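Let me begin by presenting the structure, written as structure tokens, before commenting on it.
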Amino acid sequence: MESWKQAVAELATGRGIALKRHALLLCGDDSRAEDLVQEAFVRAFSRPLHAPRPGAAEAYVRVIMVNLYVDEARRHSRWARIAPLLATPRAAADPADQVASRDAMLTALSGLSPRQRACVVLRYYEDLPVAEIAKALGVAEGTVKRYLSEALPQMAARLSAADRG
Amino acid sequence: MTIDEQELRQRLEETAAQASAPRFTAVDLVRQIRRRRTRVTGAVAGAAVAATAIAVAVPAALNGTGQPAISRPMAVRPPPSYSITVNGQTQAFPARYVITPGEKLTIILDVTVPAHKSLRALWVGITNGLLSPRLDGPANMSPILAAHTRTPLGPGAHQFRLHWVAPGGMRAGTSRQLSAEWIWSDPAEPGAGGEWIIAELNVPGASGT
């Protein structure tokens with residue numbers, strides 16, 4: 001089997017669910033997360049001269065996923081601005097605490113800008129240091145810190161409101 | 001209002017865990033990737049070359065060492081062959097060069113058109129990861145360093161001398177590609193051609209990018 005096919009097979013089989021979880025936090029929707037992961041795979045491996053190095057494939061796919069998400073969100077920025085206003089808290093209709101908690105978190109994330117959201121996911125879910133987040137997003141470290149410091153109070157307010165309600 | 005980072009991590013974990021199992025399989029992904037690879041390097045078919053393409057370079061030298069004639073259908077037609085020298089370093093195709101942001105590159109590109117064939121048009125330029133052959137010329141090539149579109153490029157070797165300055169803002173770990181797009185001059189298959197990455201120009205530094 002060609003090496004790139006082997007890498008795709010190993011990554012998809014062994015880390016597919018982890019990548020999809022990451023994607024879900026980024027885009028907030030299960031089927032979009034599925035598309036995001038697949039497109040990231042295709043982008044990562046479709047250039048024969050620029051395929052990820054062995055051992056770095058997962059990190060490469062994750063970075064592509066983040067940038068795809070940010071780019072897509074930028075293209076649909078108008079919709080993204082009003083989407084949080086239109087979002088209905090599904091937790092209210094769902095009795096399961098776990099689902100309510102998930103929806104509260106997704107609602108809190110959806111109130112952030114795409115880059116803020118990417119920073120939160122990379123920092124607090126992926127545990128990446130600020131320097132690596134900055135490199136992945138192509139921004140300065142100070143910008144990442146600013147995004148995080150702006151995002152956390154917003155999330156805290158939304159989560160607190162959801163927990164009270 | 002603040003949020004405890006530990007709690008945030010835990011809640012993100014719980015939320016992420018709600019993702020359903022992936023529906024894609026490795027076989028699906030390989031199929032999609034192969035399709036995209038084919039599209040990237042595949043043949044262009046269809047309409048004629050746009051006459052508005054701007055010629056910015058003309059072959060500097062000609063001599064007639066053509067490859068053996070092979071007459072086959074379009075799908076297996078031998079493409080033009082390329083050899084490349086960047087700032088005095090010659091590499092075999094496909095080439096990889098390490099560059100630095102702001103570096104001035106002098107590129108000498110030898111294009112060999114197979115015997116008994118000719119190119120109706122040839123563009124050489126810089127791409128940024130995306131090749132998309134189109135019927136009316138290169139879509140994602142910026143800048144175009146050479147365009148030979150006014151007269152057919154006959155069989156044999158043709159040399160192009162190109163200059164490009166790597167953008168000063170290129171980040172570590174990023175790359176550009178020197179790519180060529182061509183249209184065969186073949187009345188039986190108007191518009192048939194292809195696009196290839198000739199050389200990868202990498203700014204070293206970041207892992208995995």
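Numbering starts fresh at 1 for the residues of each chain in the structure tokens, the chains themselves are lettered A, B, ... in the order given, and ligands are numbered from 1 as they appear.
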**Message:** Give me, as a PyMOL selection string, the residues of chain A touching chain B, with the criterion being at most 7 Å (counting only C-alpha atoms).
**Reply:** chain A and resi 5+8-9+12-13+16-17+20-22+24-25+30+34+38+42+45-47+52-53+56+60+102+105+124-125+152-153+156-157
**Request:** Give me the residues within 12 Å of Ala180 (chain B) as an NGL selection string, counting only C-alpha atoms and dropping any in the same chain fewer than 6 places off.
**Result:** :B and (40-41 or 79-84 or 109-111 or 121-127 or 131-133 or 137-148 or 160 or 193-199)
Atoms to include: C-alpha atoms. Write the selected residues as a short mmCIF file (atom, residue, chain, number, x, y, z; two decimals), in the first residue's frame.
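The new file part.cif reads:
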```cif
data_model
loop_
_atom_site.label_atom_id
_atom_site.label_comp_id
_atom_site.auth_asym_id
_atom_site.auth_seq_id
_atom_site.Cartn_x
_atom_site.Cartn_y
_atom_site.Cartn_z
CA VAL B 40 -5.20 18.68 -9.53
CA THR B 41 -2.98 17.06 -12.11
CA PRO B 79 3.51 15.39 -20.88
CA PRO B 80 6.18 17.95 -21.59
CA SER B 81 9.21 17.17 -19.47
CA TYR B 82 10.86 19.75 -17.29
CA SER B 83 14.24 20.31 -15.75
CA ILE B 84 14.84 23.17 -13.41
CA LEU B 109 13.37 26.09 -16.77
CA ASP B 110 13.95 23.70 -19.64
CA VAL B 111 10.75 22.42 -21.16
CA ALA B 121 -0.09 27.48 -24.88
CA LEU B 122 2.13 27.16 -21.86
CA TRP B 123 2.01 29.12 -18.63
CA VAL B 124 4.55 28.91 -15.85
CA GLY B 125 3.98 30.61 -12.54
CA ILE B 126 3.63 30.43 -8.80
CA THR B 127 0.77 28.64 -7.11
CA LEU B 131 -3.91 23.75 -8.96
CA SER B 132 -7.09 24.07 -10.92
CA PRO B 133 -6.72 23.65 -14.64
CA GLY B 137 -5.88 29.44 -18.63
CA PRO B 138 -4.38 29.15 -15.18
CA ALA B 139 -6.82 30.06 -12.45
CA ASN B 140 -4.65 29.97 -9.37
CA MET B 141 -1.30 31.06 -10.69
CA SER B 142 -0.04 34.32 -9.28
CA PRO B 143 2.18 35.69 -10.54
CA ILE B 144 2.42 34.19 -14.00
CA LEU B 145 6.13 34.21 -14.71
CA ALA B 146 5.95 33.08 -18.31
CA ALA B 147 3.17 32.76 -20.82
CA HIS B 148 3.73 31.42 -24.30
CA PHE B 160 12.74 29.97 -20.04
CA GLY B 193 -3.77 19.77 -21.55
CA GLY B 194 -2.70 19.53 -17.96
CA GLU B 195 -1.05 21.16 -15.00
CA TRP B 196 1.88 20.02 -12.92
CA ILE B 197 3.86 21.18 -9.95
CA ILE B 198 7.43 21.43 -11.17
CA ALA B 199 9.08 22.46 -7.94
#
```
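Between CA of Ile99 (chain B) and CA of Leu178 (chain B) the separation is 12.4 Å.
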**Asked** Could you work out how far CA of Gly169 (chain B) lies from CA of Ala73 (chain A), giving the answer in Å with one decimal?
**Response**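 Interatomic distance here is 23.6 Å.
Coordinates place CA of Gly156 (chain B) at a distance of 10.9 Å from CA of Leu119 (chain B).
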**Message:** Just checking: using only C-alpha atoms, which residue out of A:Trp4, A:Leu122, A:Asn67, A:Leu19 ends up closest to Pro48 (chain A)?
**Reply:** A:Trp4
**Prompt:** Skipping near chain neighbours, those fewer than 4 positions away, what residues fall within 8 Å of Ala118 (chain A) using only C-alpha atoms, listed as a list in words?
**Reply:** Leu26, Val66, Val70, Pro114 and Leu122 of chain A
Would you mind exporting the chosen residues as a compact mmCIF listing (two decimals), in the first residue's frame, restricted to N, CA, C and O atoms?
```
# COMPACT_ATOMS: atom_id res chain seq x y z
N LEU A 26 -15.40 22.95 17.05
CA LEU A 26 -15.16 24.11 16.19
C LEU A 26 -16.44 24.59 15.53
O LEU A 26 -16.74 25.79 15.53
N VAL A 66 -8.79 23.60 11.52
CA VAL A 66 -8.99 24.91 12.17
C VAL A 66 -9.03 26.01 11.11
O VAL A 66 -9.92 26.87 11.11
N VAL A 70 -12.08 28.50 10.11
CA VAL A 70 -11.97 29.96 10.19
C VAL A 70 -12.27 30.58 8.82
O VAL A 70 -13.00 31.58 8.72
N PRO A 114 -15.01 33.34 15.11
CA PRO A 114 -14.36 32.09 14.70
C PRO A 114 -12.96 31.94 15.26
O PRO A 114 -12.57 30.85 15.69
N LEU A 122 -8.38 25.10 20.79
CA LEU A 122 -6.98 24.65 20.73
C LEU A 122 -6.31 24.74 22.11
O LEU A 122 -5.51 23.90 22.47
```
**Request:** Output as a ChimeraX atom specification all residues of region 10-160 of chain A that backbone DSSP marks as alpha helix (DSSP H).
**Result:** /A:10-27,30-45,57-75,77-86,97-110,114-120,130-137,141-160
